[in-house]
$ cat query_37.cif   # mmCIF, C-alpha atoms
data_final
loop_
_atom_site.group_PDB
_atom_site.id
_atom_site.type_symbol
_atom_site.label_atom_id
_atom_site.label_comp_id
_atom_site.auth_asym_id
_atom_site.auth_seq_id
_atom_site.Cartn_x
_atom_site.Cartn_y
_atom_site.Cartn_z
ATOM 1 C CA MET A 1 0.000 0.000 0.000
ATOM 2 C CA GLN A 2 1.333 3.367 -1.038
ATOM 3 C CA VAL A 3 1.214 6.166 1.516
ATOM 4 C CA GLN A 4 0.654 9.630 0.128
ATOM 5 C CA SER A 5 2.575 12.500 1.523
ATOM 6 C CA PRO A 6 0.571 15.600 2.521
ATOM 7 C CA GLU A 7 2.220 17.667 -0.229
ATOM 8 C CA GLU A 8 1.179 15.225 -2.978
ATOM 9 C CA PRO A 9 -2.288 15.853 -4.413
ATOM 10 C CA GLU A 10 -4.600 12.893 -4.790
ATOM 11 C CA HIS A 11 -5.087 13.313 -8.568
ATOM 12 C CA LYS A 12 -1.353 13.001 -9.231
ATOM 13 C CA SER A 13 -1.599 9.234 -9.614
ATOM 14 C CA ASN A 14 -4.243 9.669 -12.362
ATOM 15 C CA THR A 15 -2.164 12.316 -14.077
ATOM 16 C CA SER A 16 0.977 10.217 -13.973
ATOM 17 C CA PHE A 17 -0.943 7.238 -15.376
ATOM 18 C CA LEU A 18 -2.149 9.295 -18.361
ATOM 19 C CA SER A 19 1.339 10.644 -18.863
ATOM 20 C CA LEU A 20 2.646 7.098 -18.900
ATOM 21 C CA VAL A 21 0.058 6.043 -21.484
ATOM 22 C CA PHE A 22 0.793 8.994 -23.768
ATOM 23 C CA ARG A 23 4.560 8.485 -23.479
ATOM 24 C CA THR A 24 4.159 4.798 -24.310
ATOM 25 C CA PHE A 25 2.153 5.588 -27.441
ATOM 26 C CA ALA A 26 4.631 8.253 -28.458
ATOM 27 C CA ARG A 27 7.575 5.857 -28.016
ATOM 28 C CA GLN A 28 5.790 3.199 -30.058
ATOM 29 C CA GLY A 29 5.310 5.713 -32.853
ATOM 30 C CA VAL A 30 1.534 5.936 -32.642
ATOM 31 C CA CYS A 31 0.857 9.356 -34.065
ATOM 32 C CA LEU A 32 -2.377 10.457 -35.700
ATOM 33 C CA SER A 33 -0.531 12.442 -38.359
ATOM 34 C CA LYS A 34 0.948 9.268 -39.852
ATOM 35 C CA PRO A 35 -0.576 8.143 -43.177
ATOM 36 C CA GLN A 36 -1.953 4.865 -41.789
ATOM 37 C CA TYR A 37 -4.198 6.864 -39.401
ATOM 38 C CA SER A 38 -5.522 9.274 -42.024
ATOM 39 C CA PHE A 39 -8.911 7.506 -42.012
ATOM 40 C CA LEU A 40 -9.554 9.198 -38.653
ATOM 41 C CA TYR A 41 -9.432 12.704 -40.053
ATOM 42 C CA ARG A 42 -9.783 12.331 -43.817
ATOM 43 C CA HIS A 43 -13.274 13.942 -43.956
ATOM 44 C CA ALA A 44 -12.761 16.516 -41.205
ATOM 45 C CA ALA A 45 -12.687 20.185 -42.139
ATOM 46 C CA PRO A 46 -9.337 21.700 -41.307
ATOM 47 C CA MET A 47 -9.220 24.085 -38.387
ATOM 48 C CA GLY A 48 -9.368 27.731 -39.326
ATOM 49 C CA THR A 49 -11.825 27.433 -42.212
ATOM 50 C CA THR A 50 -15.068 29.307 -41.998
ATOM 51 C CA ALA A 51 -18.529 28.170 -42.974
ATOM 52 C CA LYS A 52 -18.385 30.548 -45.931
ATOM 53 C CA ASP A 53 -15.136 28.940 -47.161
ATOM 54 C CA GLU A 54 -16.665 25.477 -46.884
ATOM 55 C CA MET A 55 -19.814 26.623 -48.709
ATOM 56 C CA ASN A 56 -17.740 28.157 -51.526
ATOM 57 C CA LYS A 57 -15.751 24.910 -51.871
ATOM 58 C CA PHE A 58 -19.027 22.947 -52.004
ATOM 59 C CA TRP A 59 -20.491 25.093 -54.801
ATOM 60 C CA ALA A 60 -17.205 25.148 -56.728
ATOM 61 C CA LYS A 61 -16.997 21.348 -56.599
ATOM 62 C CA ASN A 62 -20.608 20.982 -57.788
ATOM 63 C CA ALA A 63 -20.025 23.443 -60.647
ATOM 64 C CA ARG A 64 -16.799 21.636 -61.641
ATOM 65 C CA LEU A 65 -18.587 18.267 -61.713
ATOM 66 C CA ASN A 66 -21.643 19.726 -63.545
ATOM 67 C CA ARG A 67 -23.988 18.545 -60.832
ATOM 68 C CA PRO A 68 -27.520 19.926 -61.070
ATOM 69 C CA MET A 69 -29.022 21.940 -58.240
ATOM 70 C CA SER A 70 -31.612 20.107 -56.163
ATOM 71 C CA PRO A 71 -35.170 20.687 -57.388
ATOM 72 C CA HIS A 72 -37.188 23.288 -55.568
ATOM 73 C CA ILE A 73 -40.506 22.607 -53.871
ATOM 74 C CA THR A 74 -42.356 24.395 -56.701
ATOM 75 C CA ILE A 75 -41.812 21.487 -59.092
ATOM 76 C CA TYR A 76 -43.440 18.931 -56.792
ATOM 77 C CA GLN A 77 -47.100 18.066 -57.148
ATOM 78 C CA TRP A 78 -48.813 18.943 -53.871
ATOM 79 C CA SER A 79 -50.498 16.042 -52.117
ATOM 80 C CA VAL A 80 -52.740 15.569 -49.086
ATOM 81 C CA PRO A 81 -49.994 13.979 -46.921
ATOM 82 C CA MET A 82 -47.623 16.824 -47.793
ATOM 83 C CA MET A 83 -50.170 19.488 -46.853
ATOM 84 C CA MET A 84 -51.110 17.623 -43.684
ATOM 85 C CA SER A 85 -47.475 17.445 -42.616
ATOM 86 C CA ILE A 86 -47.018 21.173 -43.150
ATOM 87 C CA THR A 87 -50.297 21.932 -41.350
ATOM 88 C CA HIS A 88 -49.355 19.673 -38.422
ATOM 89 C CA ARG A 89 -46.082 21.537 -37.962
ATOM 90 C CA GLY A 90 -47.796 24.907 -38.379
ATOM 91 C CA THR A 91 -50.500 24.120 -35.840
ATOM 92 C CA GLY A 92 -47.857 22.882 -33.406
ATOM 93 C CA VAL A 93 -45.846 26.088 -33.694
ATOM 94 C CA GLY A 94 -48.992 28.242 -33.586
ATOM 95 C CA LEU A 95 -50.410 26.480 -30.540
ATOM 96 C CA SER A 96 -47.168 26.644 -28.600
ATOM 97 C CA GLY A 97 -46.823 30.349 -29.465
ATOM 98 C CA ALA A 98 -50.428 31.076 -28.497
ATOM 99 C CA ILE A 99 -50.133 29.207 -25.200
ATOM 100 C CA SER A 100 -46.903 31.039 -24.393
ATOM 101 C CA ALA A 101 -48.434 34.418 -25.280
ATOM 102 C CA PHE A 102 -51.517 33.651 -23.166
ATOM 103 C CA ALA A 103 -49.317 32.652 -20.218
ATOM 104 C CA VAL A 104 -47.220 35.823 -20.476
ATOM 105 C CA ALA A 105 -50.390 37.933 -20.791
ATOM 106 C CA ALA A 106 -51.872 36.249 -17.709
ATOM 107 C CA LEU A 107 -48.743 37.106 -15.747
ATOM 108 C CA VAL A 108 -48.257 40.657 -16.988
ATOM 109 C CA LEU A 109 -51.709 42.167 -17.599
ATOM 110 C CA PRO A 110 -53.680 43.618 -14.706
ATOM 111 C CA GLY A 111 -57.071 42.208 -13.798
ATOM 112 C CA ASN A 112 -58.288 38.656 -13.832
ATOM 113 C CA TYR A 113 -60.143 36.325 -16.207
ATOM 114 C CA PRO A 114 -63.712 37.554 -15.460
ATOM 115 C CA TYR A 115 -62.604 41.120 -16.183
ATOM 116 C CA TYR A 116 -61.439 40.213 -19.692
ATOM 117 C CA LEU A 117 -64.468 38.010 -20.313
ATOM 118 C CA ASP A 118 -66.748 40.969 -19.485
ATOM 119 C CA LEU A 119 -64.611 43.130 -21.792
ATOM 120 C CA ILE A 120 -65.211 40.706 -24.680
ATOM 121 C CA HIS A 121 -68.973 40.622 -23.957
ATOM 122 C CA SER A 122 -69.100 44.432 -23.921
ATOM 123 C CA LEU A 123 -67.757 44.558 -27.497
ATOM 124 C CA SER A 124 -71.107 43.199 -28.829
ATOM 125 C CA ILE A 125 -69.399 41.252 -31.586
ATOM 126 C CA GLY A 126 -72.310 38.984 -32.452
ATOM 127 C CA PRO A 127 -72.818 35.244 -32.468
ATOM 128 C CA ILE A 128 -71.447 34.606 -35.968
ATOM 129 C CA LEU A 129 -68.089 36.269 -35.276
ATOM 130 C CA ILE A 130 -67.809 34.578 -31.885
ATOM 131 C CA GLY A 131 -68.612 31.223 -33.530
ATOM 132 C CA LEU A 132 -65.892 31.836 -36.136
ATOM 133 C CA ALA A 133 -63.427 32.772 -33.398
ATOM 134 C CA LYS A 134 -64.303 29.588 -31.484
ATOM 135 C CA PHE A 135 -63.835 27.546 -34.667
ATOM 136 C CA GLY A 136 -60.509 29.310 -35.293
ATOM 137 C CA ILE A 137 -59.313 28.285 -31.848
ATOM 138 C CA ALA A 138 -60.822 24.775 -31.851
ATOM 139 C CA PHE A 139 -59.624 23.669 -35.304
ATOM 140 C CA PRO A 140 -55.843 23.847 -34.666
ATOM 141 C CA VAL A 141 -56.271 22.087 -31.323
ATOM 142 C CA SER A 142 -58.457 19.281 -32.691
ATOM 143 C CA TYR A 143 -56.433 18.893 -35.913
ATOM 144 C CA HIS A 144 -53.118 18.715 -34.063
ATOM 145 C CA THR A 145 -54.575 16.243 -31.560
ATOM 146 C CA TYR A 146 -56.086 13.898 -34.173
ATOM 147 C CA ASN A 147 -53.027 14.076 -36.405
ATOM 148 C CA GLY A 148 -50.841 13.420 -33.356
ATOM 149 C CA ILE A 149 -52.843 10.242 -32.710
ATOM 150 C CA ARG A 150 -52.268 9.337 -36.359
ATOM 151 C CA HIS A 151 -48.533 9.831 -35.854
ATOM 152 C CA LEU A 152 -48.639 7.603 -32.763
ATOM 153 C CA TYR A 153 -50.297 4.949 -34.950
ATOM 154 C CA TRP A 154 -47.403 5.329 -37.371
ATOM 155 C CA ASP A 155 -44.905 5.028 -34.504
ATOM 156 C CA VAL A 156 -46.225 1.520 -33.906
ATOM 157 C CA GLY A 157 -45.242 0.779 -37.515
ATOM 158 C CA LYS A 158 -48.718 0.616 -39.038
ATOM 159 C CA GLY A 159 -50.560 2.637 -41.642
ATOM 160 C CA PHE A 160 -47.720 3.338 -44.062
ATOM 161 C CA LYS A 161 -49.360 1.994 -47.225
ATOM 162 C CA ILE A 162 -50.417 4.819 -49.528
ATOM 163 C CA PRO A 163 -54.178 4.078 -49.417
ATOM 164 C CA GLU A 164 -54.021 3.965 -45.601
ATOM 165 C CA VAL A 165 -52.089 7.245 -45.478
ATOM 166 C CA TYR A 166 -54.777 8.975 -47.544
ATOM 167 C CA ARG A 167 -57.673 7.315 -45.677
ATOM 168 C CA THR A 168 -56.339 8.256 -42.248
ATOM 169 C CA GLY A 169 -55.542 11.741 -43.557
ATOM 170 C CA TYR A 170 -59.097 12.346 -44.743
ATOM 171 C CA THR A 171 -60.371 10.880 -41.460
ATOM 172 C CA VAL A 172 -58.249 13.348 -39.477
ATOM 173 C CA ILE A 173 -59.487 16.268 -41.575
ATOM 174 C CA GLY A 174 -63.126 15.188 -41.244
ATOM 175 C CA LEU A 175 -62.941 14.584 -37.505
ATOM 176 C CA SER A 176 -61.166 17.914 -36.993
ATOM 177 C CA ILE A 177 -63.873 19.837 -38.851
ATOM 178 C CA ILE A 178 -66.726 18.016 -37.081
ATOM 179 C CA THR A 179 -65.141 18.489 -33.653
ATOM 180 C CA SER A 180 -64.394 22.163 -34.315
ATOM 181 C CA ILE A 181 -67.961 22.853 -35.441
ATOM 182 C CA ALA A 182 -69.319 21.042 -32.366
ATOM 183 C CA ILE A 183 -67.084 23.079 -30.044
ATOM 184 C CA ALA A 184 -67.982 26.338 -31.833
ATOM 185 C CA MET A 185 -71.690 25.630 -31.334
ATOM 186 C CA ILE A 186 -71.290 25.275 -27.566
#

$ encode --input "query_37.cif" --output "structure tokens"
Amino acid sequence: MQVQSPEEPEHKSNTSFLSLVFRTFARQGVCLSKPQYSFLYRHAAPMGTTAKDEMNKFWAKNARLNRPMSPHITIYQWSVPMMMSITHRGTGVGLSGAISAFAVAALVLPGNYPYYLDLIHSLSIGPILIGLAKFGIAFPVSYHTYNGIRHLYWDVGKGFKIPEVYRTGYTVIGLSIITSIAIAMI
């Protein structure tokens, strides 16, 4: 058993072990700059290059090899699954933004909920506009919920055949509209 002197820090044994390992590798000639170890850093960008330099090299290489530019979204034929994916992401971002804004407003604005409810009633907007506002709030919530359930179904590994994708997509749209109308009528 080795007794440590009070002047010797406890981590010295770890440091000396690493030093021993590195010295051993150095004596054996294991150096990453040798050609046989080039596979470790062959695809790494050299230090000191900027993102702009790398981007310019990328475009120069593609021009030199006559590679075409990737097609833009405008050439694709729009489909129901594509639109549903975009709408799902949009409703997710919109809902999280709206919930955050509502939470900040609840913390910052003076008064309480009944005060603002009375303020809305005093505007005399009318039942049609209030119904449209309710639908506008209910549709993103119901659509995102139903499409989220659809995504959970996909996570199980089912429903990936094209007819099933379209059928479940139309089902989500239909259920979202029906649910939103029902909530707006309350």

$ residues_around --input "query_37.cif" --residues "Ile120 of chain A" --least-positions-apart "6" --cutoff "12 Å" --atoms "only C-alpha atoms" --output "JSON, numbers by chain"
{"A": [113, 114, 126, 129, 130, 133]}

$ resolve_selection --input "query_37.cif" --expression "the PyMOL selection byres ((chain A and resi 180) around 7)" --output "PyMOL selection string"
chain A and resi 135+138-139+142+176-179+181-184

$ axis_aligned_box --input "query_37.cif" --around "segment 70-89 of chain A" --padding-each-side "3 Å" --output "AutoDock Vina command-line options"
--center_x -42.2 --center_y 19.2 --center_z -48.5 --size_x 27.1 --size_y 16.4 --size_z 27.1

$ resolve_selection --input "query_37.cif" --expression "the PyMOL selection byres ((chain A and resi 158-169) around 12)" --output "VMD selection string"
chain A and resid 79 to 85 87 to 88 143 146 to 157 170 to 176

$ atom_distance --input "query_37.cif" --atom1 "atom CA of Glu54 of chain A" --atom2 "atom CA of Arg67 of chain A"
17.2 Å

$ atom_distance --input "query_37.cif" --atom1 "atom CA of Ala106 of chain A" --atom2 "atom CA of Thr145 of chain A"
24.5 Å

$ atom_distance --input "query_37.cif" --atom1 "atom CA of Met185 of chain A" --atom2 "atom CA of Ile128 of chain A"
10.1 Å
